[in-house]
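So this block is input31.cif, mmCIF, C-alpha atoms:
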```cif
data_upload
#
loop_
_atom_site.label_atom_id
_atom_site.label_comp_id
_atom_site.auth_asym_id
_atom_site.auth_seq_id
_atom_site.Cartn_x
_atom_site.Cartn_y
_atom_site.Cartn_z
CA MET A 1 10.07 9.39 -19.02
CA ASN A 2 13.23 10.14 -20.94
CA THR A 3 14.97 11.83 -18.03
CA GLN A 4 17.57 10.27 -15.80
CA ASN A 5 15.96 11.61 -12.62
CA TYR A 6 12.51 10.53 -11.54
CA ALA A 7 10.67 9.24 -8.52
CA ILE A 8 7.52 7.29 -7.78
CA ALA A 9 5.63 8.76 -4.84
CA GLU A 10 2.34 8.17 -3.08
CA ILE A 11 0.29 11.36 -2.91
CA ALA A 12 -3.29 11.39 -1.62
CA GLY A 13 -3.61 7.64 -2.11
CA ASP A 14 -2.37 7.61 -5.74
CA GLN A 15 1.05 6.53 -6.96
CA VAL A 16 2.44 9.16 -9.34
CA ILE A 17 5.67 9.60 -11.28
CA LEU A 18 7.50 12.80 -10.37
CA GLU A 19 10.03 14.26 -12.79
CA PRO A 20 11.94 17.53 -12.30
CA GLY A 21 10.34 20.45 -14.14
CA ARG A 22 7.12 18.54 -14.92
CA ASP A 23 3.56 19.03 -13.71
CA VAL A 24 1.54 16.17 -12.26
CA ALA A 25 -2.19 15.88 -11.50
CA VAL A 26 -3.16 14.31 -8.15
CA PRO A 27 -6.49 14.03 -6.29
CA LYS A 28 -7.60 17.32 -4.76
CA LEU A 29 -5.45 18.62 -1.91
CA ASP A 30 -6.73 21.27 0.52
CA LEU A 31 -3.92 23.75 -0.17
CA GLU A 32 -3.90 27.23 -1.67
CA ILE A 33 -2.33 27.98 -5.04
CA GLY A 34 1.37 28.71 -4.60
CA ALA A 35 1.65 26.68 -1.38
CA LYS A 36 4.46 24.17 -0.95
CA TYR A 37 3.62 20.46 -0.66
CA VAL A 38 6.26 17.98 0.48
CA ALA A 39 5.84 14.44 -0.84
CA ALA A 40 7.35 12.31 1.93
CA LYS A 41 6.12 8.87 0.84
CA ILE A 42 8.71 8.09 -1.84
CA LEU A 43 8.55 4.51 -3.12
CA PHE A 44 11.30 4.66 -5.76
CA LEU A 45 13.99 7.19 -6.63
CA ARG A 46 16.37 7.25 -9.58
CA THR A 47 19.06 9.89 -9.94
CA GLY A 48 21.44 9.21 -12.80
CA GLU A 49 22.68 5.65 -12.36
CA THR A 50 21.75 5.47 -8.67
CA VAL A 51 18.53 3.65 -7.85
CA ALA A 52 16.90 3.50 -4.41
CA ILE A 53 13.89 1.30 -3.64
CA GLY A 54 11.89 1.74 -0.45
CA THR A 55 10.51 -0.92 1.82
CA PRO A 56 7.78 0.39 1.46
CA TYR A 57 9.02 4.02 1.65
CA LEU A 58 12.48 5.58 1.51
CA ALA A 59 13.56 7.03 4.83
CA ASP A 60 14.91 10.60 4.96
CA THR A 61 13.80 11.30 1.39
CA SER A 62 11.20 13.83 0.31
CA ILE A 63 10.41 15.89 -2.78
CA GLU A 64 9.13 19.44 -2.61
CA THR A 65 6.37 20.49 -5.01
CA THR A 66 4.34 23.65 -5.51
CA VAL A 67 0.56 23.81 -5.97
CA LYS A 68 0.01 25.25 -9.44
CA ALA A 69 -3.78 25.01 -9.89
CA HIS A 70 -7.02 23.34 -8.82
CA GLN A 71 -9.07 22.02 -11.73
CA ARG A 72 -11.94 19.70 -12.58
CA SER A 73 -11.83 16.86 -15.10
CA ASP A 74 -14.23 16.39 -17.99
CA LYS A 75 -17.81 15.52 -17.15
CA VAL A 76 -18.70 11.85 -16.85
CA ILE A 77 -22.36 11.07 -17.58
CA VAL A 78 -24.12 8.35 -15.57
CA PHE A 79 -27.42 7.23 -17.13
CA LYS A 80 -29.70 4.60 -15.62
CA LYS A 81 -32.86 3.27 -17.21
CA LYS A 82 -35.30 0.45 -16.61
CA ARG A 83 -37.22 -0.34 -19.73
CA ARG A 84 -41.02 -0.27 -19.75
CA LYS A 85 -41.08 1.16 -16.20
CA GLY A 86 -40.68 4.88 -16.91
CA TYR A 87 -37.51 5.04 -14.80
CA LYS A 88 -34.69 7.21 -16.12
CA VAL A 89 -31.92 8.96 -14.18
CA LYS A 90 -29.20 11.09 -15.75
CA LYS A 91 -26.37 12.41 -13.56
CA GLY A 92 -23.07 14.07 -14.29
CA HIS A 93 -19.86 14.19 -12.27
CA ARG A 94 -16.65 16.22 -12.55
CA GLN A 95 -13.77 15.00 -10.38
CA GLU A 96 -11.60 17.70 -8.80
CA TYR A 97 -7.83 17.44 -8.90
CA THR A 98 -4.75 19.49 -8.05
CA VAL A 99 -1.85 20.23 -10.40
CA LEU A 100 1.54 20.08 -8.69
CA SER A 101 4.76 21.47 -10.19
CA VAL A 102 7.85 19.44 -9.30
CA ALA A 103 11.11 21.27 -8.59
CA GLN A 104 14.56 19.78 -8.92
CA PHE A 105 15.19 17.07 -6.39
CA GLY A 106 18.42 15.86 -4.87
CA THR A 107 20.30 12.62 -5.00
CA ALA A 108 19.24 9.27 -3.67
CA PRO A 109 20.29 8.42 -0.15
CA GLU A 110 23.42 6.32 0.09
CA PRO A 111 22.76 2.66 0.81
CA PRO A 112 23.98 1.58 4.25
CA ALA A 113 27.57 0.37 4.26
CA PRO A 114 28.08 -3.29 5.13
CA GLN A 115 29.26 -3.97 8.67
CA THR A 116 33.00 -4.70 8.71
CA HIS A 117 33.52 -5.57 12.36
CA GLU A 118 32.81 -9.10 13.44
CA ALA A 119 30.21 -9.53 16.11
CA GLU A 120 30.87 -11.95 18.91
CA PRO A 121 29.11 -15.24 18.33
CA GLN A 122 26.02 -15.62 20.45
CA PRO A 123 25.80 -18.76 22.57
CA VAL A 124 23.38 -21.22 21.11
CA ALA A 125 20.91 -22.73 23.52
CA GLU A 126 20.88 -26.49 23.41
CA ALA A 127 17.81 -27.84 21.77
CA THR A 128 15.60 -29.88 24.03
CA PRO A 129 13.59 -32.65 22.46
CA ALA A 130 10.01 -31.66 21.99
CA THR A 131 7.63 -33.57 24.21
CA PRO A 132 4.39 -34.59 22.62
CA PRO A 133 1.31 -33.00 24.14
CA LYS A 134 -0.48 -35.08 26.74
CA SER A 135 -3.70 -36.49 25.46
CA ARG A 136 -6.78 -37.44 27.42
CA PRO A 137 -7.81 -41.05 27.57
CA ARG A 138 -10.53 -41.79 25.08
CA THR A 139 -13.97 -42.33 26.46
CA LYS A 140 -17.00 -43.76 24.83
CA THR A 141 -19.40 -41.22 23.55
CA ALA A 142 -23.05 -41.15 24.45
CA THR A 143 -24.00 -42.39 20.99
CA ALA A 144 -21.84 -45.50 21.37
CA LYS A 145 -23.53 -46.30 24.71
CA THR A 146 -27.00 -45.83 23.28
CA LYS A 147 -26.20 -48.05 20.29
CA ALA A 148 -25.02 -50.81 22.63
CA LEU A 149 -28.21 -50.51 24.73
CA THR A 150 -30.45 -50.63 21.69
CA LYS A 151 -28.76 -53.79 20.41
CA GLU A 152 -29.26 -55.51 23.80
CA SER A 153 -32.88 -54.50 23.95
CA LYS A 154 -33.60 -55.89 20.48
CA GLU A 155 -32.20 -59.32 21.37
#
```
Once more with this new file: its structure as structure tokens, please.
Amino acid sequence: MNTQNYAIAEIAGDQVILEPGRDVAVPKLDLEIGAKYVAAKILFLRTGETVAIGTPYLADTSIETTVKAHQRSDKVIVFKKKRRKGYKVKKGHRQEYTVLSVAQFGTAPEPPAPQTHEAEPQPVAEATPATPPKSRPRTKTATAKTKALTKESKE
């Protein structure tokens, strides 16, 4: 990442770094080769000295990419075995992914200018003292009554 322009975007659930003129691999997208894909969920954008950080995404910012290829990663072998039981399972898996080519992208959106006009002060409602919640009078529980009866009967 030696360039001055780059962005961090969320594409198909993964966060990827997008740089102009670079290719990036993302989880498989259902698009044809040569189709345009617009990454609208931009988390971070740096253009020169300007930095924009989204909360969580930047509004009115998107980066256009082109689908370059659909490929599969190297095979991952899954082997299960239970000793002395004759149980062995060997499976392989190749994850599919899409290669996107990033075009040049524009500048970061300008941060909102601070408000210069003074707003009229809002009237403040007078605070009323908080009243404690009303509580019910305590009553004896059934266990207290039975304990008293058992003491009388013993005497």
Translate the PyMOL selection byres ((chain A and resi 52-68) around 10), as applied to the file shown, into an explicit residue set as a PDB file with C-alpha atoms, keeping the file's coordinate frame.
```
ATOM      1  CA  ALA A   7      10.670   9.240  -8.520  1.00  0.00           C
ATOM      2  CA  ILE A   8       7.520   7.290  -7.780  1.00  0.00           C
ATOM      3  CA  ALA A   9       5.630   8.760  -4.840  1.00  0.00           C
ATOM      4  CA  GLU A  10       2.340   8.170  -3.080  1.00  0.00           C
ATOM      5  CA  LEU A  18       7.500  12.800 -10.370  1.00  0.00           C
ATOM      6  CA  PRO A  20      11.940  17.530 -12.300  1.00  0.00           C
ATOM      7  CA  GLY A  21      10.340  20.450 -14.140  1.00  0.00           C
ATOM      8  CA  ASP A  23       3.560  19.030 -13.710  1.00  0.00           C
ATOM      9  CA  VAL A  24       1.540  16.170 -12.260  1.00  0.00           C
ATOM     10  CA  ALA A  25      -2.190  15.880 -11.500  1.00  0.00           C
ATOM     11  CA  LEU A  29      -5.450  18.620  -1.910  1.00  0.00           C
ATOM     12  CA  LEU A  31      -3.920  23.750  -0.170  1.00  0.00           C
ATOM     13  CA  GLU A  32      -3.900  27.230  -1.670  1.00  0.00           C
ATOM     14  CA  ILE A  33      -2.330  27.980  -5.040  1.00  0.00           C
ATOM     15  CA  GLY A  34       1.370  28.710  -4.600  1.00  0.00           C
ATOM     16  CA  ALA A  35       1.650  26.680  -1.380  1.00  0.00           C
ATOM     17  CA  LYS A  36       4.460  24.170  -0.950  1.00  0.00           C
ATOM     18  CA  TYR A  37       3.620  20.460  -0.660  1.00  0.00           C
ATOM     19  CA  VAL A  38       6.260  17.980   0.480  1.00  0.00           C
ATOM     20  CA  ALA A  39       5.840  14.440  -0.840  1.00  0.00           C
ATOM     21  CA  ALA A  40       7.350  12.310   1.930  1.00  0.00           C
ATOM     22  CA  LYS A  41       6.120   8.870   0.840  1.00  0.00           C
ATOM     23  CA  ILE A  42       8.710   8.090  -1.840  1.00  0.00           C
ATOM     24  CA  LEU A  43       8.550   4.510  -3.120  1.00  0.00           C
ATOM     25  CA  PHE A  44      11.300   4.660  -5.760  1.00  0.00           C
ATOM     26  CA  LEU A  45      13.990   7.190  -6.630  1.00  0.00           C
ATOM     27  CA  ARG A  46      16.370   7.250  -9.580  1.00  0.00           C
ATOM     28  CA  THR A  47      19.060   9.890  -9.940  1.00  0.00           C
ATOM     29  CA  THR A  50      21.750   5.470  -8.670  1.00  0.00           C
ATOM     30  CA  VAL A  51      18.530   3.650  -7.850  1.00  0.00           C
ATOM     31  CA  ALA A  69      -3.780  25.010  -9.890  1.00  0.00           C
ATOM     32  CA  HIS A  70      -7.020  23.340  -8.820  1.00  0.00           C
ATOM     33  CA  GLN A  71      -9.070  22.020 -11.730  1.00  0.00           C
ATOM     34  CA  THR A  98      -4.750  19.490  -8.050  1.00  0.00           C
ATOM     35  CA  VAL A  99      -1.850  20.230 -10.400  1.00  0.00           C
ATOM     36  CA  LEU A 100       1.540  20.080  -8.690  1.00  0.00           C
ATOM     37  CA  SER A 101       4.760  21.470 -10.190  1.00  0.00           C
ATOM     38  CA  VAL A 102       7.850  19.440  -9.300  1.00  0.00           C
ATOM     39  CA  ALA A 103      11.110  21.270  -8.590  1.00  0.00           C
ATOM     40  CA  GLN A 104      14.560  19.780  -8.920  1.00  0.00           C
ATOM     41  CA  PHE A 105      15.190  17.070  -6.390  1.00  0.00           C
ATOM     42  CA  GLY A 106      18.420  15.860  -4.870  1.00  0.00           C
ATOM     43  CA  THR A 107      20.300  12.620  -5.000  1.00  0.00           C
ATOM     44  CA  ALA A 108      19.240   9.270  -3.670  1.00  0.00           C
ATOM     45  CA  PRO A 109      20.290   8.420  -0.150  1.00  0.00           C
ATOM     46  CA  GLU A 110      23.420   6.320   0.090  1.00  0.00           C
ATOM     47  CA  PRO A 111      22.760   2.660   0.810  1.00  0.00           C
TER      48      PRO A 111
END
```
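Atom CA of A:Tyr87 to atom CA of A:Asp74 spans 26.1 Å [interatomic distance, one decimal].
Taking atom CA of A:Val76 and atom CA of A:Tyr97 as the two end points, the separation is 14.6 Å.
Take the candidates A:Ile77, A:Ile17, A:Gly48, A:Ala12 and check each one against A:Lys90 using only C-alpha atoms; the shortest distance goes to A:Ile77.
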Using only the atoms of stretch 70-82 of chain A listed in the file, plus 5 Å on each side, state the axis-aligned box centre and edge lengths in Å rounded to one decimal, as lines of an AutoDock Vina configuration file.
```
center_x = -21.2
center_y = 11.9
center_z = -13.4
size_x = 38.3
size_y = 32.9
size_z = 19.2
```
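One finds atom CA of A:Glu96 at 17.0 Å from atom CA of A:Gln15.
With distances restricted to all atoms listed in the file, A:Val26 is the closest residue to A:Arg72 from A:Val26, A:Arg84, A:Glu49, A:Lys91.
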Handout entry: Spatial neighbours of A:Lys80, 7 Å, only C-alpha atoms, chain gap at least 2 places, as JSON, numbers by chain
Key = {"A": [78, 88, 89, 90]}
